[in-house]
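The file input.txt contains compact mmCIF, C-alpha atoms:
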```
# COMPACT_ATOMS: atom_id res chain seq x y z
CA MET A 235 -1.40 7.26 -0.55
CA THR A 236 2.01 7.70 1.01
CA ASN A 237 4.75 9.93 -0.38
CA ASN A 238 6.77 6.85 -1.38
CA GLU A 239 3.93 5.51 -3.57
CA VAL A 240 3.46 8.88 -5.29
CA ALA A 241 7.20 9.26 -5.86
CA ALA A 242 7.52 5.69 -7.19
CA GLY A 243 4.62 6.30 -9.59
CA ILE A 244 6.23 9.52 -10.83
CA PHE A 245 9.62 7.84 -11.33
CA PHE A 246 8.00 5.00 -13.25
CA VAL A 247 5.84 7.20 -15.52
CA VAL A 248 8.75 9.56 -16.31
CA GLY A 249 10.93 6.51 -17.06
CA VAL A 250 8.34 5.11 -19.48
CA ILE A 251 7.70 8.45 -21.20
CA LEU A 252 11.44 9.12 -21.62
CA CYS A 253 12.11 5.47 -22.58
CA LEU A 254 14.77 5.14 -19.89
CA PRO A 255 16.41 1.71 -19.49
CA PHE A 256 15.25 -0.52 -16.62
CA PRO A 257 17.85 0.31 -13.91
CA ILE A 258 17.54 4.11 -14.02
CA PRO A 259 14.06 4.60 -12.37
CA PRO A 260 14.89 2.19 -9.48
CA LEU A 261 18.24 3.96 -8.95
CA VAL A 262 16.49 7.34 -8.81
CA ALA A 263 13.96 5.80 -6.39
CA ALA A 264 16.86 4.52 -4.24
CA LEU A 265 18.31 8.04 -4.09
CA TYR A 266 14.90 9.40 -3.17
CA GLY A 267 14.47 6.67 -0.54
CA ALA A 268 17.82 7.47 1.03
CA PHE A 269 16.64 10.99 1.85
CA SER A 270 13.02 10.21 2.74
CA SER A 271 11.51 8.93 5.95
CA GLY A 272 11.18 5.18 6.18
CA PRO A 273 13.22 2.38 4.61
CA TRP A 274 15.13 3.39 1.46
CA TYR A 275 14.15 0.22 -0.43
CA VAL A 276 10.35 0.72 -0.34
CA PRO A 277 10.17 3.14 -3.32
CA VAL A 278 12.67 0.93 -5.18
CA LEU A 279 10.43 -2.13 -4.76
CA GLN A 280 7.39 -0.12 -5.83
CA VAL A 281 9.10 1.11 -9.01
CA ILE A 282 10.21 -2.45 -9.79
CA VAL A 283 6.62 -3.71 -9.35
CA PHE A 284 5.35 -0.96 -11.71
CA GLU A 285 8.04 -1.83 -14.26
CA LEU A 286 7.24 -5.54 -14.01
CA ALA A 287 3.54 -4.84 -14.60
CA TRP A 288 4.45 -2.63 -17.59
CA PHE A 289 6.68 -5.40 -18.97
CA ILE A 290 3.80 -7.89 -18.70
CA VAL A 291 1.39 -5.50 -20.47
CA ASN A 292 3.97 -4.91 -23.24
CA PHE A 293 4.54 -8.65 -23.59
CA LEU A 294 0.81 -9.36 -23.89
CA PHE A 295 0.29 -6.59 -26.46
CA THR A 296 3.27 -7.89 -28.46
CA LEU A 297 1.88 -11.42 -28.26
CA VAL A 298 -1.68 -10.46 -29.27
CA LEU A 299 -1.18 -7.49 -31.60
CA GLY A 300 2.38 -8.02 -32.77
CA THR A 301 3.42 -4.57 -31.55
CA SER A 302 4.77 -3.07 -28.37
CA VAL A 303 2.84 -0.31 -26.60
CA SER A 304 3.59 3.15 -25.34
CA ILE A 305 1.59 5.27 -22.92
CA VAL A 306 0.53 7.52 -25.81
CA ALA A 307 -0.58 4.58 -27.97
CA VAL A 308 -2.52 2.99 -25.10
CA GLY A 309 -4.18 6.32 -24.30
CA GLU A 310 -5.19 6.85 -27.93
CA MET A 311 -6.53 3.30 -28.21
CA LEU A 312 -8.56 3.62 -25.00
CA LEU A 313 -9.96 7.01 -26.02
CA GLU A 314 -10.86 5.66 -29.44
CA LYS A 315 -12.58 2.63 -27.93
CA LEU A 316 -13.94 4.33 -24.80
CA ASP A 317 -17.31 2.70 -25.22
CA TRP A 318 -16.07 -0.08 -22.92
CA ILE A 319 -18.87 0.52 -20.42
CA ASN A 320 -21.57 1.07 -23.03
CA PHE A 321 -23.86 -1.96 -23.15
CA LYS A 322 -25.20 -1.20 -26.66
CA GLY A 323 -23.65 -2.22 -29.95
CA VAL A 324 -21.73 -5.26 -31.14
CA ILE A 325 -18.11 -6.37 -31.08
CA GLY A 326 -16.41 -9.23 -32.87
CA ARG A 327 -14.18 -12.02 -31.67
CA LYS A 328 -10.86 -10.19 -31.88
CA ILE A 329 -12.03 -7.09 -29.99
CA PHE A 330 -13.72 -9.34 -27.40
CA PHE A 331 -10.47 -11.23 -26.82
CA ILE A 332 -8.38 -8.05 -26.53
CA ARG A 333 -10.83 -6.39 -24.13
CA MET A 334 -11.12 -9.44 -21.90
CA LEU A 335 -7.33 -9.80 -21.85
CA CYS A 336 -7.01 -6.15 -20.80
CA VAL A 337 -9.66 -6.60 -18.10
CA PHE A 338 -8.02 -9.72 -16.64
CA VAL A 339 -4.55 -8.12 -16.68
CA GLY A 340 -6.06 -5.03 -15.01
CA LEU A 341 -7.72 -7.16 -12.34
CA ALA A 342 -4.49 -9.05 -11.68
CA ILE A 343 -2.41 -5.87 -11.39
CA THR A 344 -5.03 -4.22 -9.16
CA GLY A 345 -5.14 -7.25 -6.85
CA PHE A 346 -1.35 -7.45 -6.72
CA ALA A 347 -0.95 -3.74 -6.01
CA PHE A 348 -3.67 -3.89 -3.33
CA GLY A 349 -1.91 -6.80 -1.61
CA MET A 350 1.51 -5.22 -1.82
CA PHE A 351 0.73 -1.59 -0.91
CA TYR A 352 -2.12 -1.88 1.57
CA SER A 353 -3.43 1.49 2.73
CA GLN A 354 -6.81 3.19 3.04
CA ILE A 355 -6.34 5.20 -0.17
CA MET A 356 -5.19 2.09 -2.03
CA THR A 357 -8.27 0.22 -0.81
CA ILE A 358 -10.62 2.92 -2.14
CA LEU A 359 -8.68 3.16 -5.41
CA SER A 360 -8.67 -0.64 -5.85
CA ILE A 361 -12.42 -0.89 -5.24
CA GLY A 362 -13.07 1.86 -7.80
CA ILE A 363 -10.82 0.21 -10.41
CA PHE A 364 -12.37 -3.20 -9.66
CA ILE A 365 -15.93 -1.90 -10.20
CA PHE A 366 -14.88 -0.14 -13.43
CA LEU A 367 -13.22 -3.32 -14.75
CA LEU A 368 -16.29 -5.42 -13.88
CA LEU A 369 -18.49 -2.96 -15.81
CA CYS A 370 -16.07 -3.22 -18.74
CA MET A 371 -16.17 -7.01 -18.59
CA TYR A 372 -19.94 -7.33 -18.51
CA SER A 373 -20.49 -4.68 -21.19
CA THR A 374 -18.04 -6.63 -23.37
CA TYR A 375 -20.06 -9.80 -22.72
CA ALA A 376 -23.28 -7.94 -23.62
CA LYS A 377 -21.86 -6.60 -26.90
CA ARG A 378 -20.55 -10.03 -27.88
CA LEU A 379 -23.96 -11.52 -27.08
CA HIS A 380 -25.54 -8.91 -29.37
CA ASP A 381 -23.12 -9.95 -32.13
CA LEU A 382 -24.19 -13.56 -31.63
CA GLY A 383 -27.85 -12.53 -32.04
CA LEU A 384 -28.66 -12.98 -28.34
CA PRO A 385 -30.08 -10.42 -25.89
CA GLY A 386 -27.40 -8.56 -23.92
CA TYR A 387 -29.10 -9.09 -20.57
CA LEU A 388 -27.87 -12.70 -20.68
CA CYS A 389 -24.62 -11.26 -19.30
CA LEU A 390 -26.55 -11.07 -16.02
CA VAL A 391 -26.83 -14.87 -16.17
CA ILE A 392 -23.03 -15.04 -16.41
CA LEU A 393 -22.74 -12.64 -13.45
CA ALA A 394 -25.24 -14.68 -11.41
CA PHE A 395 -23.38 -17.90 -12.27
CA ASN A 396 -20.06 -16.37 -11.15
CA MET A 397 -21.60 -15.20 -7.88
CA LEU A 398 -23.36 -18.50 -7.14
CA THR A 399 -20.31 -20.67 -7.87
CA LYS A 400 -17.66 -18.47 -6.23
CA ASP A 401 -16.97 -21.14 -3.59
CA TYR A 402 -16.44 -23.84 -6.24
CA HIS A 403 -13.30 -22.37 -7.80
CA GLU A 404 -12.41 -25.22 -10.16
CA PHE A 405 -15.95 -25.57 -11.53
CA ASN A 406 -16.28 -21.80 -11.93
CA LEU A 407 -12.93 -21.60 -13.73
CA ILE A 408 -13.73 -24.45 -16.14
CA VAL A 409 -17.14 -23.03 -17.10
CA THR A 410 -15.69 -19.51 -17.47
CA ILE A 411 -12.96 -20.83 -19.79
CA ILE A 412 -15.59 -22.66 -21.87
CA ILE A 413 -17.71 -19.48 -22.13
CA MET A 414 -14.64 -17.40 -23.06
CA CYS A 415 -13.58 -19.90 -25.73
CA ALA A 416 -17.10 -19.98 -27.17
CA PHE A 417 -17.20 -16.18 -27.34
CA CYS A 418 -13.72 -16.07 -28.93
CA PHE A 419 -14.30 -18.75 -31.59
CA ILE A 420 -17.99 -18.65 -32.60
CA GLU A 421 -18.49 -16.26 -35.51
CA GLY A 422 -21.10 -13.61 -34.91
CA SER A 423 -24.29 -13.41 -36.94
CA ASN A 424 -24.37 -9.61 -36.92
CA LYS A 425 -20.82 -9.38 -38.26
CA GLY A 426 -19.39 -7.21 -35.53
CA GLU A 427 -15.87 -5.91 -35.92
CA GLN A 428 -13.89 -9.15 -36.27
```
Serialized structure, structure tokens:
Amino acid sequence: MTNNEVAAGIFFVVGVILCLPFPIPPLVAALYGAFSSGPWYVPVLQVIVFELAWFIVNFLFTLVLGTSVSIVAVGEMLLEKLDWINFKGVIGRKIFFIRMLCVFVGLAITGFAFGMFYSQIMTILSIGIFIFLLLCMYSTYAKRLHDLGLPGYLCLVILAFNMLTKDYHEFNLIVTIIIMCAFCFIEGSNKGEQ
């Protein structure tokens, strides 16, 4: 990871923690960029990308939960629900929807960051985050299957389907949307947390 990426991340996190308005972290990044090696605008663009991703996450949380998020609230929620990669137990429709939304947003942000800030460290970090998010996704499928009274290993069928139809994007997308809708709307027999 280059110094610009680290600095941009620090400016963004400090801005979120201190609740600074939008223009302040990019301005600080511009000052930093003026005195660093390389183009001055690179850390500014990186901070703007981080802030855009944070805005999207806040918008989705407001849309789904009716409340905005803070780093502290997200950390507490993730620690409370840190059984995301545990394949045992049941979850209801609401938790399934929220977890899958988080996973898809995480995958989108990871892919965007990987494409924008390509480096060896970013590649390793992206692969690690991608594997973690896939484990989260398939454990969520398994728990929802348990709530529906089905064996959790059927999530392997979903994984196999996704791998076999990866070249048929439209077909894969349509079937995935149907599966997601079924998991979001069919009430569970084991009465998982709805």
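Restricting the calculation to all atoms listed in the file, the smallest distance between Ile343 of chain A and any of A:Val291, A:Val391, A:Pro385, A:Tyr375 is found for A:Val291.
When atom CA of Thr357 of chain A is paired with atom CA of Val337 of chain A, their separation reads 18.6 Å.
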Nearby residues (only C-alpha atoms) at most 9 Å from Phe331 of chain A, same-chain spacing under 5 positions excluded, as a PyMOL selection string
chain A and resi 326+336+414+417-418
Interatomic distance between atom CA of Lys322 of chain A and atom CA of Leu393 of chain A?
17.6 Å
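One distance worth recording is that between atom CA of Cys389 of chain A and atom CA of Thr344 of chain A, which is 23.2 Å.
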In terms of the shortest atom-to-atom distance over only C-alpha atoms, which of A:Phe321, A:Phe348, A:Phe338, A:Tyr402 is closest to Gly362 of chain A?
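Using only C-alpha atoms, the shortest distance to Gly362 of chain A belongs to A:Phe348.
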Contacts of Thr410 of chain A within 12 Å, only C-alpha atoms, excl. fewer than 3 positions in-chain, as a ChimeraX atom specification
/A:334,375,392-393,395-396,399-400,403-407,413-417
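Residue nearest Ile290 of chain A, chosen from A:Leu265, A:Ala342, A:Ile411, A:Ile325 and counting all atoms listed in the file: A:Ala342.
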Need the shell around Leu261 of chain A: protein/DNA/RNA residues with any atom at most 10 Å away, counting all atoms listed in the file. Skip same-chain ones fewer than 6 positions apart. Format as a ChimeraX atom specification?
/A:245,267,277-278,281
Of the candidates A:Ile319, A:Ile358, A:Phe366, A:Ala264, which one gets nearest to Ile282 of chain A if we count only C-alpha atoms?
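Result for the nearest residue to Ile282 of chain A: A:Ala264.
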If we count only C-alpha atoms, what is near Asp381 of chain A at a cut-off of 12 Å, once residues fewer than 4 positions away on the same chain are taken out, given as a list in words?
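Neighbouring residues, sequence-local ones excluded: Lys322, Gly323, Val324, Ile325, Gly326, Arg327, Ile329, Phe330, Thr374, Tyr375, Ala376, Lys377, Pro385, Gly386, Phe417, Cys418, Ile420, Glu421, Gly422, Ser423, Asn424, Lys425, Gly426, Glu427 and Gln428 of chain A.
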Any chance you can output those residues with C-alpha atoms as a PDB file, keeping the file's coordinate frame?
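See out_27.pdb below for the written result:
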```pdb
ATOM      1  CA  LYS A 322     -25.200  -1.200 -26.660  1.00  0.00           C
ATOM      2  CA  GLY A 323     -23.650  -2.220 -29.950  1.00  0.00           C
ATOM      3  CA  VAL A 324     -21.730  -5.260 -31.140  1.00  0.00           C
ATOM      4  CA  ILE A 325     -18.110  -6.370 -31.080  1.00  0.00           C
ATOM      5  CA  GLY A 326     -16.410  -9.230 -32.870  1.00  0.00           C
ATOM      6  CA  ARG A 327     -14.180 -12.020 -31.670  1.00  0.00           C
ATOM      7  CA  ILE A 329     -12.030  -7.090 -29.990  1.00  0.00           C
ATOM      8  CA  PHE A 330     -13.720  -9.340 -27.400  1.00  0.00           C
ATOM      9  CA  THR A 374     -18.040  -6.630 -23.370  1.00  0.00           C
ATOM     10  CA  TYR A 375     -20.060  -9.800 -22.720  1.00  0.00           C
ATOM     11  CA  ALA A 376     -23.280  -7.940 -23.620  1.00  0.00           C
ATOM     12  CA  LYS A 377     -21.860  -6.600 -26.900  1.00  0.00           C
ATOM     13  CA  PRO A 385     -30.080 -10.420 -25.890  1.00  0.00           C
ATOM     14  CA  GLY A 386     -27.400  -8.560 -23.920  1.00  0.00           C
ATOM     15  CA  PHE A 417     -17.200 -16.180 -27.340  1.00  0.00           C
ATOM     16  CA  CYS A 418     -13.720 -16.070 -28.930  1.00  0.00           C
ATOM     17  CA  ILE A 420     -17.990 -18.650 -32.600  1.00  0.00           C
ATOM     18  CA  GLU A 421     -18.490 -16.260 -35.510  1.00  0.00           C
ATOM     19  CA  GLY A 422     -21.100 -13.610 -34.910  1.00  0.00           C
ATOM     20  CA  SER A 423     -24.290 -13.410 -36.940  1.00  0.00           C
ATOM     21  CA  ASN A 424     -24.370  -9.610 -36.920  1.00  0.00           C
ATOM     22  CA  LYS A 425     -20.820  -9.380 -38.260  1.00  0.00           C
ATOM     23  CA  GLY A 426     -19.390  -7.210 -35.530  1.00  0.00           C
ATOM     24  CA  GLU A 427     -15.870  -5.910 -35.920  1.00  0.00           C
ATOM     25  CA  GLN A 428     -13.890  -9.150 -36.270  1.00  0.00           C
TER      26      GLN A 428
END
```
